[in-house]
>>> print(open('my_file-v4.cif').read())   # mmCIF, C-alpha atoms and all ligand atoms
data_run
#
loop_
_atom_site.group_PDB
_atom_site.id
_atom_site.type_symbol
_atom_site.label_atom_id
_atom_site.label_comp_id
_atom_site.auth_asym_id
_atom_site.auth_seq_id
_atom_site.Cartn_x
_atom_site.Cartn_y
_atom_site.Cartn_z
ATOM 1 C CA MET B 14 140.997 95.744 99.464
ATOM 2 C CA LEU B 15 140.032 99.368 99.769
ATOM 3 C CA GLU B 16 136.926 100.585 97.975
ATOM 4 C CA ARG B 17 137.031 103.924 96.300
ATOM 5 C CA VAL B 18 134.493 106.419 97.588
ATOM 6 C CA PHE B 19 132.830 108.392 94.812
ATOM 7 C CA SER B 20 131.869 111.990 95.271
ATOM 8 C CA GLN B 21 128.269 112.842 94.445
ATOM 9 C CA GLU B 22 129.328 114.485 91.194
ATOM 10 C CA GLU B 23 131.304 111.423 90.098
ATOM 11 C CA TYR B 24 128.385 109.216 91.027
ATOM 12 C CA MET B 25 125.990 111.343 88.946
ATOM 13 C CA GLN B 26 128.365 111.183 85.969
ATOM 14 C CA LYS B 27 128.595 107.427 86.310
ATOM 15 C CA GLN B 28 124.807 107.149 86.417
ATOM 16 C CA ALA B 29 124.427 109.325 83.320
ATOM 17 C CA ALA B 30 126.763 107.013 81.416
ATOM 18 C CA VAL B 31 124.238 104.145 81.376
ATOM 19 C CA LYS B 32 123.842 102.950 77.823
ATOM 20 C CA TYR B 33 120.708 100.910 77.304
ATOM 21 C CA SER B 34 121.640 99.600 73.897
ATOM 22 C CA ASP B 35 124.872 97.918 75.022
ATOM 23 C CA GLY B 36 123.141 94.532 75.193
ATOM 24 C CA LYS B 37 122.489 94.256 78.920
ATOM 25 C CA PHE B 38 118.994 95.715 78.673
ATOM 26 C CA GLU B 39 116.273 93.906 76.739
ATOM 27 C CA PRO B 40 113.741 95.993 74.811
ATOM 28 C CA ILE B 41 110.327 96.432 76.397
ATOM 29 C CA ILE B 42 107.404 94.207 75.462
ATOM 30 C CA ASP B 43 103.880 95.175 74.339
ATOM 31 C CA GLU B 44 102.522 95.240 77.893
ATOM 32 C CA CYS B 45 105.040 97.945 78.822
ATOM 33 C CA GLU B 46 103.685 100.414 76.253
ATOM 34 C CA GLY B 47 102.503 103.496 78.096
ATOM 35 C CA CYS B 48 104.643 102.982 81.187
ATOM 36 C CA GLU B 49 106.476 106.073 82.405
ATOM 37 C CA ARG B 50 109.599 104.048 83.214
ATOM 38 C CA THR B 51 110.456 103.450 79.573
ATOM 39 C CA VAL B 52 113.286 105.271 77.877
ATOM 40 C CA GLU B 53 113.973 105.391 74.136
ATOM 41 C CA GLU B 54 117.483 105.006 72.799
ATOM 42 C CA ASP B 55 118.475 104.471 69.185
ATOM 43 C CA GLY B 56 114.821 103.979 68.228
ATOM 44 C CA THR B 57 114.293 101.137 70.701
ATOM 45 C CA LYS B 58 112.484 101.460 73.997
ATOM 46 C CA TYR B 59 114.031 100.099 77.200
ATOM 47 C CA CYS B 60 112.932 99.938 80.801
ATOM 48 C CA LYS B 61 114.804 102.193 83.219
ATOM 49 C CA THR B 62 114.071 99.856 86.118
ATOM 50 C CA TYR B 63 114.529 96.305 84.853
ATOM 51 C CA LEU B 64 116.979 94.598 82.551
ATOM 52 C CA TYR B 65 114.415 92.006 81.413
ATOM 53 C CA PRO B 66 110.929 93.564 81.195
ATOM 54 C CA SER B 67 109.432 90.337 79.839
ATOM 55 C CA ALA B 68 110.377 88.574 83.084
ATOM 56 C CA LYS B 69 108.362 91.105 85.101
ATOM 57 C CA TRP B 70 105.206 90.222 83.159
ATOM 58 C CA ARG B 71 105.649 86.459 83.282
ATOM 59 C CA LEU B 72 103.545 85.994 86.407
ATOM 60 C CA GLY B 73 101.101 88.842 85.927
ATOM 61 C CA ILE B 74 101.214 92.619 86.035
ATOM 62 C CA CYS B 75 104.623 94.221 86.573
ATOM 63 C CA ASN B 76 104.689 95.638 90.084
ATOM 64 C CA PHE B 77 106.490 98.798 88.930
ATOM 65 C CA ALA B 78 104.148 99.546 86.022
ATOM 66 C CA THR B 79 102.791 103.080 86.127
ATOM 67 C CA HIS B 80 100.075 102.539 83.541
ATOM 68 C CA LYS B 81 98.379 99.379 84.821
ATOM 69 C CA LYS B 82 97.258 98.408 88.285
ATOM 70 C CA PRO B 83 95.964 95.050 89.452
ATOM 71 C CA GLU B 84 92.202 94.820 89.801
ATOM 72 C CA ILE B 85 91.037 94.474 93.343
ATOM 73 C CA LYS B 86 87.519 93.168 93.753
ATOM 74 C CA ILE B 87 85.782 94.507 96.804
ATOM 75 C CA THR B 88 82.726 92.592 97.873
ATOM 76 C CA SER B 89 80.488 93.888 100.553
ATOM 77 C CA ILE B 90 79.106 91.405 103.013
ATOM 78 C CA LYS B 91 75.786 92.151 104.582
ATOM 79 C CA VAL B 92 75.756 91.432 108.275
ATOM 80 C CA ASN B 93 72.529 90.910 110.141
ATOM 81 C CA PRO B 94 73.012 92.954 113.342
ATOM 82 C CA LEU B 95 70.805 90.607 115.401
ATOM 83 C CA LYS B 96 72.789 87.538 114.379
ATOM 84 C CA ALA B 97 76.068 89.379 114.897
ATOM 85 C CA ALA B 98 75.054 90.325 118.436
ATOM 86 C CA LYS B 99 74.009 86.740 119.142
ATOM 87 C CA ARG B 100 77.352 85.458 117.821
ATOM 88 C CA ALA B 101 79.235 87.997 119.916
ATOM 89 C CA SER B 102 77.385 87.025 123.070
ATOM 90 C CA LYS B 103 78.139 83.336 122.414
ATOM 91 C CA ALA B 104 81.818 84.136 122.078
ATOM 92 C CA LYS B 105 81.890 85.828 125.507
ATOM 93 C CA LYS B 106 80.653 82.703 127.330
HETATM 94 S S1 LIG W 1 108.474 99.167 84.979
HETATM 95 FE FE1 LIG W 1 107.473 97.265 84.321
HETATM 96 S S2 LIG W 1 105.836 97.938 82.936
HETATM 97 FE FE2 LIG W 1 107.240 99.654 83.174
HETATM 98 S S3 LIG W 1 108.636 99.442 81.438
HETATM 99 FE FE3 LIG W 1 109.593 98.406 83.192
HETATM 100 S S4 LIG W 1 108.956 96.268 83.004
HETATM 101 FE FE4 LIG W 1 107.615 97.456 81.679
#
>>> encode(input="my_file-v4.cif", output="structure tokens")
Amino acid sequence: MLERVFSQEEYMQKQAAVKYSDGKFEPIIDECEGCERTVEEDGTKYCKTYLYPSAKWRLGICNFATHKKPEIKITSIKVNPLKAAKRASKAKK
């Protein structure tokens, strides 16, 4: 079966015809408040990226969230230069 090739203009028109309130998109959840990927339609906010925003938060922070980033703890380890040199010389043998 042959696939129809869309021109760029037709593709843009097709993209603009996305209706968030047609039932495919679930409304955003509380954690999504403040994200730049939300769009409001008919008084309800939807996510432009995901159909089910609640699923993206089930296991932690949504990886596409623009308003929240995961905390990364950086711990500095003090290295005794004398012991490090001794360890390095042992490794060479
Ligand atoms: S990208 Fe993630 S945080 Fe942002 S609205 Fe969508 S689901 Fe919510």
>>> residues_near_ligand(input="my_file-v4.cif", ligand="ligand LIG 1 (chain W)", cutoff="8 Å", atoms="all atoms listed in the file", output="MDAnalysis selection string")
chainID B and resid 41:42 44:51 59:63 65:70 74:81
>>> write_last_selection(input="my_file-v4.cif", atoms="C-alpha atoms", output="PDB file, in the coordinates of the input")
ATOM      1  CA  ILE B  41     110.327  96.432  76.397  1.00  0.00           C
ATOM      2  CA  ILE B  42     107.404  94.207  75.462  1.00  0.00           C
ATOM      3  CA  GLU B  44     102.522  95.240  77.893  1.00  0.00           C
ATOM      4  CA  CYS B  45     105.040  97.945  78.822  1.00  0.00           C
ATOM      5  CA  GLU B  46     103.685 100.414  76.253  1.00  0.00           C
ATOM      6  CA  GLY B  47     102.503 103.496  78.096  1.00  0.00           C
ATOM      7  CA  CYS B  48     104.643 102.982  81.187  1.00  0.00           C
ATOM      8  CA  GLU B  49     106.476 106.073  82.405  1.00  0.00           C
ATOM      9  CA  ARG B  50     109.599 104.048  83.214  1.00  0.00           C
ATOM     10  CA  THR B  51     110.456 103.450  79.573  1.00  0.00           C
ATOM     11  CA  TYR B  59     114.031 100.099  77.200  1.00  0.00           C
ATOM     12  CA  CYS B  60     112.932  99.938  80.801  1.00  0.00           C
ATOM     13  CA  LYS B  61     114.804 102.193  83.219  1.00  0.00           C
ATOM     14  CA  THR B  62     114.071  99.856  86.118  1.00  0.00           C
ATOM     15  CA  TYR B  63     114.529  96.305  84.853  1.00  0.00           C
ATOM     16  CA  TYR B  65     114.415  92.006  81.413  1.00  0.00           C
ATOM     17  CA  PRO B  66     110.929  93.564  81.195  1.00  0.00           C
ATOM     18  CA  SER B  67     109.432  90.337  79.839  1.00  0.00           C
ATOM     19  CA  ALA B  68     110.377  88.574  83.084  1.00  0.00           C
ATOM     20  CA  LYS B  69     108.362  91.105  85.101  1.00  0.00           C
ATOM     21  CA  TRP B  70     105.206  90.222  83.159  1.00  0.00           C
ATOM     22  CA  ILE B  74     101.214  92.619  86.035  1.00  0.00           C
ATOM     23  CA  CYS B  75     104.623  94.221  86.573  1.00  0.00           C
ATOM     24  CA  ASN B  76     104.689  95.638  90.084  1.00  0.00           C
ATOM     25  CA  PHE B  77     106.490  98.798  88.930  1.00  0.00           C
ATOM     26  CA  ALA B  78     104.148  99.546  86.022  1.00  0.00           C
ATOM     27  CA  THR B  79     102.791 103.080  86.127  1.00  0.00           C
ATOM     28  CA  HIS B  80     100.075 102.539  83.541  1.00  0.00           C
ATOM     29  CA  LYS B  81      98.379  99.379  84.821  1.00  0.00           C
TER      30      LYS B  81
END
>>> closest_residue(input="my_file-v4.cif", among="B:Gly73, B:Pro83, B:Pro94, B:Pro40", to="Glu54 of chain B", atoms="all atoms listed in the file")
B:Pro40
>>> closest_residue(input="my_file-v4.cif", among="B:Leu72, B:Ala101, B:Val52, B:Ile85", to="Val31 of chain B", atoms="only C-alpha atoms")
B:Val52
>>> atom_distance(input="my_file-v4.cif", atom1="atom CA of Glu22 of chain B", atom2="atom CA of Gly56 of chain B")
29.1 Å
>>> atom_distance(input="my_file-v4.cif", atom1="atom CA of Asp55 of chain B", atom2="atom CA of Lys37 of chain B")
14.7 Å
>>> axis_aligned_box(input="my_file-v4.cif", around="segment 94-100 of chain B", padding_each_side="3 Å", output="JSON")
{"center_x": 74.1, "center_y": 89.2, "center_z": 116.2, "size_x": 12.5, "size_y": 13.5, "size_z": 11.8}
>>> closest_residue(input="my_file-v4.cif", among="B:Ser34, B:Lys91, B:Ala104, B:Glu84", to="Lys58 of chain B", atoms="only C-alpha atoms")
B:Ser34
